[in-house]
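Quick notes on the structure that follows.
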Amino acid sequence: MPMKTIKGLKVTTAPSGAPVSRMRIGGRWEEGSSGEFLEVTSPATGAVVGFVPLGTRADAQRAIAAANAAKPKIAGLSVWERSKLCFAVADAIEKRKEDLARTLCLEQGKPYHAEALGEAGAAVAAFRNAGEQIKWLETACFPVEDRNKRAFSFLQPKGVFGIVTPWNFPLALPSIYYLAPGLAAGNAMVWVPAPTTSIIAEKLMECLIEAGVPDGVVNLVIGDGPEVGDEVVSNPGTDAIAFTGSSETGRIIASRGAGKPLMVELGGNGPTIVLADADLDTAAARAAAGCFANAGQICTSTERILVADAVHDAFVEKLVAAARAVRMGDPFDPATTMGPLNNEPNAQKVDAHLADARQRGASILFGGGRAEGLATRLHYQPTVITDLSPDSLLNVEETFGPVVPVLRFRDEEEAHRIVTKSRLGLSAAVFTQTIRHAFRWAEALRVGIVNVNEMSPYWETHIPAGGAAGTASGIGRTGGRHTLLEMSDLKTVTIDISR
């Protein structure tokens, strides 16, 4: 009988030789009702990191019931009490920062020094930012026509949020986007992390418990998305849904959770536009950073670069030099700057996109495939590719790997045609030294955020970001007060004072 796998992870009933993680439902740590576990291996070394329980719909249902039972606990706290809770979580994360970063390095694959420590620090900042901003989130008192009426509004929690998160930033992303603002806004939550990065989720739950978050307010259910994720999304016991991941999965979630408030950040194919007057040293360095950060596994990564014909060759030369400077290897070595891809399905997608580009006549200037001589086949060469057809998958779809496709354009009209070949609209970047060019492009690009003279994934946690309407990149805005508003209900009250 062939071995059963889920998301590339082996399923077993007898975990041995490595730690076994647990789910958190209500006030209890559990191994789930299935009796099955997923074997998690390091994408960097191939070694077994640990085992996580394979949850079921029944586990998700119990977590939803626990969240509903705990809903009054968190909603009943004052804003200042919830703020203090967020700061306590931040302190707990900071105290464990090195251990969390080590787990990220082992489980997700990102280099400890170059990226994992920074992600742990971002989780600390997420809870502090939410705890601070919720205290100053004012609502309005409205002027009204009737002299005997008064009208005002205030914010209330939405209730129970079902949250499904991906594997690329398994500590910072849930903290920044959902858990910190959800806690600050007074919601109870049921969290389903990606199976390949659920060990770090258990460690984050330990920080929440240490900080004093009431039992049942945040519940952790680990398992396969089509089972536990679907239950959390579709179950009438969840009042709202939050998801970050692919556009295809986002469409399924929107359908399964129809009628519920949605916060969904989906795929991106961030175009970077390099105009003829750009500072090429800055443009090449920052575009390369946007391509190779987290091995290209960021929704807002620099996934394609459109370069004005006059500066194309000079820009590409600098880009190849930046790719040559990338260092792969031991994720705990301070010299390592880029880690592996997290999982084999993602690596196969990168393979397919490069094969499609080659078939259409593209030229590989550097890299072009999986790295040789390293511990696993998930290490991917930093790749620079030119002579790309605008119809190539690299230009049309999200690749999610350390690939730098460069497309040449003669004028702005051609550049816009190339950009709009993709239906994704999450982020973009423009490099120019002319203010009118910067404004014109910033206003014309149909994306949620445009960075001028900076890489497309640049973002600070209080800045609003998300997909543009009419694209396949999501609904709603994440960032600071904007997330707090997305995770709250605005209630209006009118009072007759005439009697």
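Labels for the structure tokens follow display order: chains A, B, ..., residues from 1 in each chain, ligands from 1.
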I'd like a table as a tab-separated table: residues in stretch 99-202 of chain A with an atom no more than 6 Å from stretch 483-499 of chain A, each row giving the shortest atom pair and its distance in Å to one decimal, only C-alpha atoms counted, sorted by chain and rising residue number.
residue	atom	partner	partner_atom	distance
A:Asn148	CA	A:Ser498	CA	5.3
A:Lys149	CA	A:Asp496	CA	4.7
A:Arg150	CA	A:Ile495	CA	5.2
A:Ala151	CA	A:Thr494	CA	4.3
A:Phe152	CA	A:Val493	CA	5.5
A:Ser153	CA	A:Thr492	CA	4.2
A:Phe154	CA	A:Lys491	CA	5.5
A:Leu155	CA	A:Leu490	CA	4.8
A:Gln156	CA	A:Asp489	CA	5.2
A:Pro157	CA	A:Ser488	CA	4.8
A:Lys158	CA	A:Ser488	CA	5.3
A:Pro181	CA	A:Leu484	CA	5.4
When you look at A:Asn395 with a cut-off of 9 Å (counting only C-alpha atoms), what residues show up, excluding the ones that are within fewer than 4 positions of it in the same chain? I need them as a PyMOL selection string.
chain A and resi 269+271+303-304+388-391+399+405+407+418-419+421-422
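Minimum atom-to-atom distance to A:Pro331, evaluated using only C-alpha atoms, belongs to A:His113 out of A:His416, A:His113, A:Arg360, A:His437.
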d(atom CA of A:Arg57, atom CA of A:Val190) in Å
12.7 Å
Proximity of stretch 348-455 of chain A to stretch 320-329 of chain A: per-residue shortest pair, 8 Å limit, only C-alpha atoms, as CSV:
residue,atom,partner,partner_atom,distance
A:Leu365,CA,A:Val320,CA,7.4
A:Phe366,CA,A:Val320,CA,6.6
A:Leu374,CA,A:Gly329,CA,6.7
A:His379,CA,A:Met328,CA,7.7
A:Pro382,CA,A:Ala323,CA,5.7
A:Thr383,CA,A:Ala323,CA,7.0
A:Val384,CA,A:Val320,CA,6.5
Return as an MDAnalysis selection string the full set of residues in stretch 234-437 of chain A whose backbone-based DSSP assignment is strand (DSSP E or B).
chainID A and resid 240:244 262:265 271:274 304:308 363:366 370 380 383:386 403:409 427:431
Contacts of A:Gly182 at 9 Å (only C-alpha atoms; same-chain gap of 2+ positions) as a PyMOL selection string:
chain A and resi 130+157+161+177-180+184-189+483-484+487-488
Alpha helix (DSSP H) per DSSP on the backbone: members of stretch 261-394 of chain A, as an MDAnalysis selection string
chainID A and resid 280:292 312:324 344:359 393:394
Those same residues - N, CA and C atoms - I'd like them written as a compact mmCIF listing (two decimals), in the first residue's frame.
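Below is the file again.txt, written as the result:
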# COMPACT_ATOMS: atom_id res chain seq x y z
N LEU A 280 19.95 53.05 -11.35
CA LEU A 280 20.02 51.62 -11.62
C LEU A 280 20.65 50.82 -10.49
N ASP A 281 21.61 51.41 -9.80
CA ASP A 281 22.22 50.69 -8.67
C ASP A 281 21.17 50.42 -7.59
N THR A 282 20.39 51.46 -7.26
CA THR A 282 19.33 51.29 -6.26
C THR A 282 18.26 50.33 -6.76
N ALA A 283 17.85 50.50 -8.01
CA ALA A 283 16.77 49.67 -8.56
C ALA A 283 17.18 48.20 -8.57
N ALA A 284 18.39 47.89 -9.02
CA ALA A 284 18.82 46.50 -9.10
C ALA A 284 18.96 45.88 -7.72
N ALA A 285 19.57 46.63 -6.79
CA ALA A 285 19.78 46.09 -5.43
C ALA A 285 18.45 45.81 -4.74
N ARG A 286 17.51 46.74 -4.84
CA ARG A 286 16.25 46.57 -4.13
C ARG A 286 15.31 45.59 -4.83
N ALA A 287 15.36 45.57 -6.15
CA ALA A 287 14.55 44.58 -6.87
C ALA A 287 15.06 43.17 -6.56
N ALA A 288 16.38 42.99 -6.52
CA ALA A 288 16.93 41.68 -6.19
C ALA A 288 16.54 41.26 -4.79
N ALA A 289 16.60 42.20 -3.84
CA ALA A 289 16.18 41.89 -2.47
C ALA A 289 14.72 41.46 -2.45
N GLY A 290 13.88 42.11 -3.25
CA GLY A 290 12.48 41.75 -3.31
C GLY A 290 12.23 40.41 -3.97
N CYS A 291 13.16 39.97 -4.81
CA CYS A 291 13.03 38.67 -5.47
C CYS A 291 13.49 37.52 -4.58
N PHE A 292 14.59 37.75 -3.86
CA PHE A 292 15.25 36.64 -3.16
C PHE A 292 14.92 36.56 -1.67
N HIS A 312 17.86 48.57 -20.20
CA HIS A 312 17.64 47.14 -19.97
C HIS A 312 18.94 46.38 -19.73
N ASP A 313 19.89 46.50 -20.64
CA ASP A 313 21.10 45.69 -20.55
C ASP A 313 21.92 46.05 -19.32
N ALA A 314 22.05 47.33 -19.03
CA ALA A 314 22.83 47.76 -17.85
C ALA A 314 22.17 47.28 -16.57
N PHE A 315 20.83 47.33 -16.52
CA PHE A 315 20.10 46.88 -15.33
C PHE A 315 20.27 45.38 -15.14
N VAL A 316 20.13 44.62 -16.20
CA VAL A 316 20.23 43.16 -16.11
C VAL A 316 21.61 42.75 -15.63
N GLU A 317 22.65 43.43 -16.09
CA GLU A 317 24.01 43.12 -15.65
C GLU A 317 24.14 43.26 -14.13
N LYS A 318 23.56 44.32 -13.58
CA LYS A 318 23.61 44.53 -12.12
C LYS A 318 22.76 43.49 -11.40
N LEU A 319 21.67 43.08 -12.01
CA LEU A 319 20.79 42.08 -11.39
C LEU A 319 21.49 40.72 -11.32
N VAL A 320 22.20 40.36 -12.37
CA VAL A 320 22.94 39.10 -12.36
C VAL A 320 24.02 39.13 -11.28
N ALA A 321 24.68 40.27 -11.12
CA ALA A 321 25.69 40.39 -10.06
C ALA A 321 25.07 40.19 -8.69
N ALA A 322 23.85 40.73 -8.48
CA ALA A 322 23.16 40.55 -7.20
C ALA A 322 22.79 39.09 -6.98
N ALA A 323 22.38 38.39 -8.05
CA ALA A 323 22.04 36.97 -7.92
C ALA A 323 23.28 36.14 -7.57
N ARG A 324 24.41 36.50 -8.14
CA ARG A 324 25.66 35.77 -7.85
C ARG A 324 26.06 35.91 -6.39
N GLU A 344 7.74 20.58 -1.57
CA GLU A 344 7.90 20.07 -2.93
C GLU A 344 6.82 20.56 -3.90
N PRO A 345 5.54 20.64 -3.53
CA PRO A 345 4.56 21.17 -4.48
C PRO A 345 4.90 22.58 -4.95
N ASN A 346 5.41 23.42 -4.06
CA ASN A 346 5.78 24.76 -4.48
C ASN A 346 6.99 24.72 -5.42
N ALA A 347 7.96 23.86 -5.11
CA ALA A 347 9.13 23.74 -5.98
C ALA A 347 8.72 23.24 -7.36
N GLN A 348 7.77 22.34 -7.44
CA GLN A 348 7.31 21.84 -8.74
C GLN A 348 6.63 22.94 -9.55
N LYS A 349 5.95 23.87 -8.87
CA LYS A 349 5.33 24.99 -9.59
C LYS A 349 6.41 25.88 -10.20
N VAL A 350 7.48 26.14 -9.44
CA VAL A 350 8.59 26.95 -9.98
C VAL A 350 9.21 26.24 -11.18
N ASP A 351 9.41 24.92 -11.07
CA ASP A 351 9.92 24.13 -12.20
C ASP A 351 9.04 24.34 -13.43
N ALA A 352 7.73 24.25 -13.24
CA ALA A 352 6.79 24.35 -14.36
C ALA A 352 6.82 25.73 -15.00
N HIS A 353 6.92 26.77 -14.19
CA HIS A 353 6.96 28.12 -14.75
C HIS A 353 8.23 28.36 -15.55
N LEU A 354 9.35 27.83 -15.08
CA LEU A 354 10.59 27.98 -15.84
C LEU A 354 10.55 27.16 -17.13
N ALA A 355 9.98 25.98 -17.06
CA ALA A 355 9.85 25.16 -18.27
C ALA A 355 8.99 25.86 -19.31
N ASP A 356 7.92 26.47 -18.88
CA ASP A 356 7.04 27.23 -19.78
C ASP A 356 7.81 28.39 -20.43
N ALA A 357 8.62 29.10 -19.62
CA ALA A 357 9.38 30.22 -20.16
C ALA A 357 10.40 29.76 -21.20
N ARG A 358 11.08 28.66 -20.93
CA ARG A 358 12.06 28.13 -21.88
C ARG A 358 11.38 27.73 -23.20
N GLN A 359 10.21 27.10 -23.05
CA GLN A 359 9.48 26.66 -24.24
C GLN A 359 9.09 27.84 -25.12
N LEU A 393 3.90 32.08 -18.06
CA LEU A 393 3.34 31.92 -16.72
C LEU A 393 4.06 32.82 -15.71
N LEU A 394 5.35 33.05 -15.92
CA LEU A 394 6.10 33.93 -15.02
C LEU A 394 5.54 35.33 -15.00
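Across A:Val160, A:Ala67, A:Leu54, A:Ala90, the tightest approach to A:Ile176 is made by A:Ala90 when counting only C-alpha atoms.
Minimum distance to A:Val233 across A:Ala88, A:Ala468, A:Ala60, A:Val447 (counting only C-alpha atoms) occurs at A:Ala60.
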Quick one: contact table of stretch 207-270 of chain A to stretch 72-78 of chain A, 12 Å max, nearest atom pair and distance in Å to one decimal per residue, counting only C-alpha atoms, chain and number order, as a Markdown table?
| residue | atom | partner | partner_atom | distance |
| --- | --- | --- | --- | --- |
| A:Gly212 | CA | A:Ile74 | CA | 11.4 |
| A:Val213 | CA | A:Ile74 | CA | 8.5 |
| A:Pro214 | CA | A:Lys73 | CA | 7.2 |
| A:Asp215 | CA | A:Lys73 | CA | 9.0 |
| A:Gly216 | CA | A:Lys73 | CA | 9.0 |
| A:Val217 | CA | A:Ile74 | CA | 6.8 |
| A:Val218 | CA | A:Ile74 | CA | 10.0 |
Which residue is closest to A:Gly466? Choose from A:Thr238, A:Gln61, A:Thr478, A:Thr337 and count only C-alpha atoms.
A:Thr478
May I have the residues within 12 Å of A:Glu210 as a count of residues only, using only C-alpha atoms and disregarding those fewer than 4 positions away in the same chain?
17
I'd like the neighbourhood of A:Gly467 as a JSON list (two decimals) with C-alpha atoms, in the first residue's frame, where a residue qualifies if any of its atoms comes within 12 Å (using only C-alpha atoms), though same-chain residues fewer than 3 positions away should be ignored.
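Result file is result.json:
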[["chain", "number", "residue", "atom", "x", "y", "z"],
["A", 244, "THR", "CA", -4.01, 34.40, 3.50],
["A", 247, "SER", "CA", -6.10, 32.97, -5.15],
["A", 263, "MET", "CA", -10.62, 39.25, 5.12],
["A", 264, "VAL", "CA", -8.59, 37.52, 2.42],
["A", 265, "GLU", "CA", -5.14, 38.39, 1.15],
["A", 266, "LEU", "CA", -4.47, 36.28, -1.90],
["A", 267, "GLY", "CA", -1.81, 35.81, -4.55],
["A", 268, "GLY", "CA", 0.38, 38.51, -6.00],
["A", 269, "ASN", "CA", 2.60, 38.92, -9.03],
["A", 270, "GLY", "CA", 4.12, 42.24, -8.04],
["A", 299, "CYS", "CA", 2.81, 37.35, -1.72],
["A", 300, "THR", "CA", 4.28, 40.78, -2.52],
["A", 423, "ARG", "CA", -5.18, 39.39, -13.03],
["A", 424, "LEU", "CA", -3.28, 39.72, -9.76],
["A", 425, "GLY", "CA", -3.14, 43.11, -8.09],
["A", 426, "LEU", "CA", -1.48, 43.07, -4.68],
["A", 427, "SER", "CA", 1.68, 45.19, -4.81],
["A", 428, "ALA", "CA", 4.03, 46.94, -7.22],
["A", 445, "LEU", "CA", -1.25, 50.55, -11.39],
["A", 446, "ARG", "CA", -4.22, 48.48, -10.21],
["A", 447, "VAL", "CA", -2.73, 47.16, -6.99],
["A", 448, "GLY", "CA", -3.23, 47.71, -3.27],
["A", 449, "ILE", "CA", 0.18, 49.27, -2.57],
["A", 450, "VAL", "CA", 2.83, 50.91, -4.78],
["A", 464, "PRO", "CA", -2.81, 49.53, 4.82],
["A", 470, "GLY", "CA", -11.33, 43.72, -9.75],
["A", 471, "THR", "CA", -8.22, 41.60, -9.27],
["A", 472, "ALA", "CA", -7.68, 38.11, -7.85],
["A", 473, "SER", "CA", -5.61, 39.34, -4.90],
["A", 474, "GLY", "CA", -8.13, 39.55, -2.10],
["A", 475, "ILE", "CA", -10.67, 41.54, -0.11],
["A", 476, "GLY", "CA", -10.06, 44.02, 2.71],
["A", 477, "ARG", "CA", -7.01, 45.73, 4.13],
["A", 478, "THR", "CA", -4.42, 44.61, 6.63]]
Point-to-point distance from atom CA of A:Ile252 to atom CA of A:Pro170, Å rounded to tenths:
21.4 Å
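Closest approach to A:Asn68 among A:Thr434, A:Asn219, A:Gln381, A:Thr12: A:Asn219, based on only C-alpha atoms.
Minimum atom-to-atom distance to A:Gly361, evaluated using only C-alpha atoms, belongs to A:Ile385 out of A:Leu378, A:Ile385, A:Ala140, A:Ala240.
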